[in-house]
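Chemist: There's a structure below that I have some questions on.
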Amino acid sequence: MEIAIIGSGYVGLVAAACFAEIGHQVICVDNDQTKVAALSRGEAPIHERFLPELLARHRKERLRFTTSIAEAVRASEIIFIAVGTPTDEAGKADLSTVEQVVQAIANELRGSSAKQKIVVEKSTVPVGTSQWVRRVMREAGAREGSFDVVCNPEFLREGCAVTDFLYPHRIVAGGNEESCDRLRLIYAPIIDGSYAERADAVPQPDGANAAVPFIASSAESAELIKNASNAFLAMKISFINAVANVCEAVGADVEQVREGVGSDARIGSEFLRPGLGYGGSCFPKDLLAFRSTAADAGYDFRLLDEVIRINAQQREMFLRKVHEALWTLKGKRLAVLGLAYKGGTDDVRESPAIAFIRMLLKEGANVVAYDPAAAAKAREAFGEDEITLCDHLYSAAESADALIILTDWEEFGQLDFGRLRSVMKAAVLIDGRNMYEPEFVAARGFAYYSIGRTSLPRAKAATEVDRAA
Ligand SMILES: NC(=O)c1ccc[n+]([C@@H]2O[C@H](COP(=O)([O-])OP(=O)(O)OC[C@H]3O[C@@H](n4cnc5c(N)ncnc54)[C@H](O)[C@@H]3O)[C@@H](O)[C@H]2O)c1
C-alpha cells in the first residue's frame, strides 16, 4: 500500500522504515529541511538500533523523503500524522502542529476525486482529537466522503523502537470498522507473524507474541488506551520508587523486593525498576495532558498527581544520597555517566540525567559527563562551559571525587573498576540506576550508594576489599 508519514522523528521515522520493511511504499515528510536532506543521503538523524540497516535497505526503493505534505498526500492512500504533541503552559496537549498538518492535508483533498484517504492519528493525543480532526478537515475544505480518521496510537519505546514496532504487544485502531480493517491490512505481516518468519527479518526479541492482537475500538477508546497505558507505566515506576524509599528506611533491598513482586504475572516485572524516575518526551507530558483531560471532563484524577510528585521527589532523594557520599559538593569534580533519559537512545528531552546535573551545578559541583550517544543533543541543553563533555568514559572519570550513574546504558554495567580506581581521585560510585550488586562493587574497593538498598560507604567497602583479598 502507499503510505505517507508526516513527521520524521522517533516515531514517524521508525514507523516509515518498518512499513517499508513489511512491503509498503512509504513517503516520509518533515518540515525540517536539514533532516530531510540528511535522510535522503541515507543518514539516520537519531540513535536507534536497526534503524540504519532498515534505512539503507529501503531508501530509494520503498522509502523516500520530502518536505511536501501535498506531494505525500497525493501519492498515498493512508496518511499517518506523527508530529510532536508537547504540553502547553497550562499542562494541556498542544495540538497546534497537528492542526497545521491536518489543514495541509485538507488543502490537498479539496475538490479531490481520488479514492477515500484515511488520516491516521499516530501522535499521542487527548481523547476527542479524532472528532476535532474531522471538523478541521471539513472546515479546511476537504470534501465529505474524501477522507476518514482513525486513531492508531504508538507504543514503541526509544532504544528498542524498531523491534517494538515490528513485534508489538498489540496494535490498536479506533474508528469505523471499514477504516480499521484497512489499517489491519497494512499491519497484516506483523499481525499474522509472517514477517517474523522471513529469513532477513529483524531478529525477534525474547517474549514476542507469535500472533499480535489487533484491537479495534472507537476512536475515543483508542485515544484513552494510549493515555491510560502511559499513565499506568509511569505509575509502576513511581510505585517502585516509593517502595525503594521504604526499603531504605527499614533496611530491605528493593532489588529483592522488586524480583519478588514482579514475578507475579498479575503485576509483571517490566517498568518496575527503581531509579531516578521516569523522563523522556512522553511520560511527563502525557501524564500532564491526561490529568488535564480528566479534569476538563469533571474527574479529579489525584492518583496522577501523586505519580508526578513521587517522580520529582526521587531526584531530591538521590541528591541526598550524593550528599551522604560526599557531604559538600561545591568545587567537587563529579564524573557523570549518562545524559539520555534512558539507555539506548540519544534523546535528552525531559531527561532526569539533565535535570539532576542542573541540581549538581546549582550546588557548585564541576560536572564532567560521558554518554555513548546523547552528548551532541545534551550540549544544546547546557550553556557554554557549564559542563565538560568527554568522548570516553575513563577520561570523564579522571581525578573525579565520585562517579555518578544517571542513565542505564548497558556499558555502564560493565565498568573496569581497576582502571577507574587508577584514574579517580576517590573510589566512590553513586548509582542512580541500580546497575550493580552492592557487594560486587564493595569488593572492588569502591564505596557504593544506590537506590533502595543499604549504602556501603568507604569504611565498609574497605572491609569488603580486605575480605575479598
Ligand atoms: N518518542 C516516543 O518514544 C514516542 C512513543 C509513542 C508515541 N509518541 C508520540 O508520537 C508523537 C511524535 O513523537 P516523536 O518523539 O517522534 O517526536 P519528534 O519530535 O521526534 O518528531 C516530530 C517530527 O515532526 C516534525 N514536524 C514538526 N512539524 C511538522 C510539520 N508541520 N510538518 C512536517 N513535519 C513536522 C519535526 O521536525 C520532527 O522531526 C508524539 O505525539 C509523541 O507523544 C512518541
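Each chain of the C-alpha cells is named A, B, ... in the order shown, its residues numbered from 1; ligands are numbered from 1 in display order.
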Collect all residues with atoms no farther than 8 Å from ligand 1, counting only C-alpha atoms and all ligand atoms, and output them as a short mmCIF file (atom, residue, chain, number, x, y, z; two decimals) with N, CA, C and O atoms, in the first residue's frame.

Modeler:
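To be explicit, this is the file written out as out-v6.cif:
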```cif
data_model
loop_
_atom_site.label_atom_id
_atom_site.label_comp_id
_atom_site.auth_asym_id
_atom_site.auth_seq_id
_atom_site.Cartn_x
_atom_site.Cartn_y
_atom_site.Cartn_z
N ILE A 6 3.71 11.79 8.20
CA ILE A 6 4.06 13.20 8.35
C ILE A 6 4.67 13.41 9.73
O ILE A 6 4.03 13.18 10.76
N GLY A 7 5.95 13.83 9.73
CA GLY A 7 6.74 13.93 10.95
C GLY A 7 7.72 12.77 10.98
O GLY A 7 7.30 11.63 11.13
N SER A 8 9.01 13.09 10.80
CA SER A 8 10.01 12.01 10.70
C SER A 8 10.90 12.01 11.94
O SER A 8 12.12 12.05 11.84
N GLY A 9 10.26 11.98 13.11
CA GLY A 9 11.03 11.93 14.36
C GLY A 9 11.16 10.50 14.84
O GLY A 9 11.18 9.56 14.05
N TYR A 10 11.25 10.33 16.15
CA TYR A 10 11.47 9.00 16.73
C TYR A 10 10.35 8.04 16.31
O TYR A 10 10.62 6.88 16.00
N VAL A 11 9.12 8.51 16.28
CA VAL A 11 8.01 7.64 15.92
C VAL A 11 7.84 7.55 14.40
O VAL A 11 7.80 6.46 13.82
N GLY A 12 7.76 8.71 13.74
CA GLY A 12 7.48 8.74 12.31
C GLY A 12 8.53 8.01 11.49
O GLY A 12 8.19 7.21 10.60
N LEU A 13 9.79 8.25 11.81
CA LEU A 13 10.85 7.64 11.01
C LEU A 13 10.90 6.13 11.23
O LEU A 13 11.07 5.37 10.27
N VAL A 29 7.51 12.61 5.44
CA VAL A 29 7.57 14.07 5.33
C VAL A 29 8.13 14.68 6.62
O VAL A 29 7.83 14.20 7.72
N ASP A 30 8.90 15.74 6.45
CA ASP A 30 9.26 16.55 7.62
C ASP A 30 9.43 17.99 7.16
O ASP A 30 9.82 18.22 6.00
N ASN A 31 9.13 18.93 8.04
CA ASN A 31 9.32 20.33 7.63
C ASN A 31 10.72 20.83 7.96
O ASN A 31 11.04 21.98 7.70
N ASP A 32 11.53 19.94 8.53
CA ASP A 32 12.92 20.29 8.81
C ASP A 32 13.76 19.87 7.60
O ASP A 32 14.04 18.69 7.39
N LYS A 35 16.91 17.82 8.13
CA LYS A 35 16.63 16.42 8.44
C LYS A 35 16.29 15.64 7.17
O LYS A 35 16.81 14.54 6.94
N THR A 67 9.77 17.34 1.87
CA THR A 67 9.27 18.35 2.79
C THR A 67 7.82 18.72 2.42
O THR A 67 7.21 19.56 3.08
N ILE A 69 3.96 18.10 2.17
CA ILE A 69 2.80 17.31 2.60
C ILE A 69 1.90 17.03 1.39
O ILE A 69 1.38 15.92 1.23
N ALA A 82 2.47 11.99 12.60
CA ALA A 82 3.37 11.59 13.70
C ALA A 82 4.22 12.76 14.16
O ALA A 82 5.40 12.62 14.46
N VAL A 83 3.59 13.93 14.22
CA VAL A 83 4.32 15.12 14.69
C VAL A 83 4.23 15.20 16.21
O VAL A 83 3.46 14.48 16.85
N GLY A 84 5.00 16.10 16.79
CA GLY A 84 5.06 16.23 18.25
C GLY A 84 3.77 16.81 18.83
O GLY A 84 3.07 17.60 18.17
N THR A 85 3.46 16.39 20.07
CA THR A 85 2.29 16.93 20.79
C THR A 85 2.75 17.30 22.20
O THR A 85 2.40 16.62 23.16
N PRO A 86 3.55 18.36 22.32
CA PRO A 86 4.06 18.72 23.65
C PRO A 86 2.96 19.27 24.54
O PRO A 86 1.82 19.45 24.07
N THR A 97 0.59 21.87 16.06
CA THR A 97 1.28 21.28 14.90
C THR A 97 0.39 20.27 14.20
O THR A 97 0.33 20.21 12.97
N VAL A 98 -0.35 19.49 15.00
CA VAL A 98 -1.30 18.53 14.40
C VAL A 98 -2.30 19.30 13.54
O VAL A 98 -2.60 18.92 12.40
N GLN A 100 -1.98 22.22 12.06
CA GLN A 100 -1.36 22.71 10.80
C GLN A 100 -1.29 21.59 9.76
O GLN A 100 -1.58 21.79 8.58
N VAL A 101 -0.89 20.41 10.24
CA VAL A 101 -0.74 19.28 9.32
C VAL A 101 -2.10 18.87 8.76
O VAL A 101 -2.25 18.62 7.55
N LYS A 122 -1.27 9.06 14.68
CA LYS A 122 -0.23 8.23 15.28
C LYS A 122 0.34 8.96 16.51
O LYS A 122 0.76 8.33 17.48
N SER A 123 0.33 10.27 16.44
CA SER A 123 0.78 11.06 17.59
C SER A 123 -0.09 10.74 18.80
O SER A 123 -1.25 10.34 18.63
N THR A 124 0.45 10.94 19.99
CA THR A 124 -0.34 10.76 21.20
C THR A 124 -1.20 12.01 21.41
O THR A 124 -0.67 13.12 21.51
N VAL A 125 -2.50 11.81 21.46
CA VAL A 125 -3.42 12.96 21.52
C VAL A 125 -4.48 12.74 22.59
O VAL A 125 -4.76 11.59 22.95
N PRO A 153 -2.70 4.60 18.03
CA PRO A 153 -1.63 5.06 18.92
C PRO A 153 -0.38 4.19 18.83
O PRO A 153 -0.48 3.01 18.49
N GLU A 154 0.74 4.79 19.14
CA GLU A 154 2.02 4.07 19.06
C GLU A 154 2.55 3.78 20.46
O GLU A 154 2.50 4.65 21.32
N PHE A 155 3.06 2.56 20.65
CA PHE A 155 3.52 2.17 21.98
C PHE A 155 5.03 1.87 22.01
O PHE A 155 5.52 1.34 23.00
N LEU A 156 5.74 2.19 20.92
CA LEU A 156 7.17 1.84 20.90
C LEU A 156 7.93 2.56 21.99
O LEU A 156 7.54 3.62 22.45
N ARG A 157 9.06 1.94 22.38
CA ARG A 157 9.96 2.57 23.33
C ARG A 157 11.24 2.95 22.61
O ARG A 157 11.76 2.15 21.83
N GLU A 158 11.73 4.15 22.86
CA GLU A 158 13.00 4.52 22.25
C GLU A 158 14.07 3.56 22.76
O GLU A 158 14.01 3.08 23.88
N ALA A 161 12.95 0.76 19.53
CA ALA A 161 11.77 1.20 18.79
C ALA A 161 11.46 0.31 17.59
O ALA A 161 10.29 0.00 17.32
N GLY A 280 11.88 11.64 29.57
CA GLY A 280 11.65 11.43 28.14
C GLY A 280 10.55 12.31 27.61
O GLY A 280 9.90 13.06 28.34
N SER A 281 10.32 12.16 26.32
CA SER A 281 9.39 13.08 25.65
C SER A 281 7.94 12.65 25.82
O SER A 281 7.05 13.33 25.35
N CYS A 282 7.69 11.50 26.48
CA CYS A 282 6.31 11.02 26.56
C CYS A 282 5.70 11.08 27.96
O CYS A 282 4.75 11.84 28.18
N LYS A 285 4.90 14.58 29.75
CA LYS A 285 3.87 15.38 29.08
C LYS A 285 2.54 14.63 29.00
O LYS A 285 1.48 15.23 29.17
N ASP A 286 2.60 13.33 28.77
CA ASP A 286 1.35 12.59 28.62
C ASP A 286 0.57 12.54 29.94
O ASP A 286 -0.66 12.56 29.94
#
```

Chemist: DSSP says helix (DSSP H, G or I) for which residues of stretch 134-360 of chain A? Put them as a PyMOL selection string?

Modeler: chain A and resi 134-139+161-166+177-186+188-191+219-250+254-262+283-296+302-326+352-360

Chemist: Please identify which residues in stretch 344-430 of chain A DSSP calls strand (DSSP E) from the backbone, and express them as a ChimeraX atom specification.

Modeler: /A:366-370,388-389,402-405,428-430

Chemist: For the residues in the current selection, export N, CA and C atoms as a JSON list (two decimals), in the first residue's frame.

Modeler:
```json
[["chain", "number", "residue", "atom", "x", "y", "z"],
["A", 366, "ASN", "N", 31.62, 20.64, 39.87],
["A", 366, "ASN", "CA", 32.13, 20.64, 38.49],
["A", 366, "ASN", "C", 31.74, 19.31, 37.86],
["A", 367, "VAL", "N", 30.95, 19.38, 36.80],
["A", 367, "VAL", "CA", 30.43, 18.15, 36.20],
["A", 367, "VAL", "C", 31.17, 17.82, 34.90],
["A", 368, "VAL", "N", 31.67, 16.60, 34.86],
["A", 368, "VAL", "CA", 32.31, 16.09, 33.65],
["A", 368, "VAL", "C", 31.47, 14.89, 33.22],
["A", 369, "ALA", "N", 30.91, 14.93, 32.01],
["A", 369, "ALA", "CA", 29.92, 13.89, 31.67],
["A", 369, "ALA", "C", 30.32, 13.09, 30.43],
["A", 370, "TYR", "N", 29.82, 11.86, 30.43],
["A", 370, "TYR", "CA", 30.02, 10.99, 29.27],
["A", 370, "TYR", "C", 28.70, 10.29, 28.94],
["A", 388, "THR", "N", 31.58, 19.79, 31.29],
["A", 388, "THR", "CA", 32.56, 19.29, 30.32],
["A", 388, "THR", "C", 32.04, 17.97, 29.79],
["A", 389, "LEU", "N", 32.05, 17.82, 28.47],
["A", 389, "LEU", "CA", 31.61, 16.55, 27.87],
["A", 389, "LEU", "C", 32.84, 15.80, 27.37],
["A", 402, "ALA", "N", 33.89, 11.43, 42.57],
["A", 402, "ALA", "CA", 32.89, 10.34, 42.56],
["A", 402, "ALA", "C", 32.42, 10.13, 41.14],
["A", 403, "LEU", "N", 31.94, 8.91, 40.92],
["A", 403, "LEU", "CA", 31.33, 8.56, 39.62],
["A", 403, "LEU", "C", 29.83, 8.42, 39.89],
["A", 404, "ILE", "N", 29.01, 9.08, 39.07],
["A", 404, "ILE", "CA", 27.56, 9.03, 39.30],
["A", 404, "ILE", "C", 26.87, 8.48, 38.05],
["A", 405, "ILE", "N", 26.18, 7.35, 38.18],
["A", 405, "ILE", "CA", 25.46, 6.78, 37.03],
["A", 405, "ILE", "C", 24.04, 7.35, 37.01],
["A", 428, "VAL", "N", 34.52, 6.22, 44.66],
["A", 428, "VAL", "CA", 33.13, 6.35, 45.11],
["A", 428, "VAL", "C", 32.20, 6.20, 43.91],
["A", 429, "LEU", "N", 31.25, 5.28, 44.00],
["A", 429, "LEU", "CA", 30.27, 5.10, 42.91],
["A", 429, "LEU", "C", 28.88, 5.35, 43.47],
["A", 430, "ILE", "N", 28.18, 6.31, 42.86],
["A", 430, "ILE", "CA", 26.81, 6.62, 43.28],
["A", 430, "ILE", "C", 25.92, 6.28, 42.09]]
```

Chemist: Between atom CA of A:Leu54 and atom CA of A:Leu39, measure the distance and give it in Å to one decimal.

Modeler: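 We find that atom CA of A:Leu54 and atom CA of A:Leu39 lie 12.0 Å from each other.
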
Chemist: Find the residue from A:Val246, A:Val26, A:Leu360, A:Ala231 that sits nearest to A:Pro284; use only C-alpha atoms when measuring.

Modeler: A:Ala231

Chemist: Which residues come within 12 Å of A:Trp327, counting only C-alpha atoms, excluding same-chain residues fewer than 5 positions away, as a list of chain:residue names?

Modeler: A:Leu319, A:Arg320, A:Lys321, A:Val322, A:Lys332, A:Glu363, A:Ala365, A:Asp401, A:Ala402

Chemist: For the atom pair atom CA of A:Val119 and atom CA of A:Val149, what is the interatomic distance in Å to one decimal place?

Modeler: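 Interatomic distance, atom CA of A:Val119 to atom CA of A:Val149: 4.8 Å.
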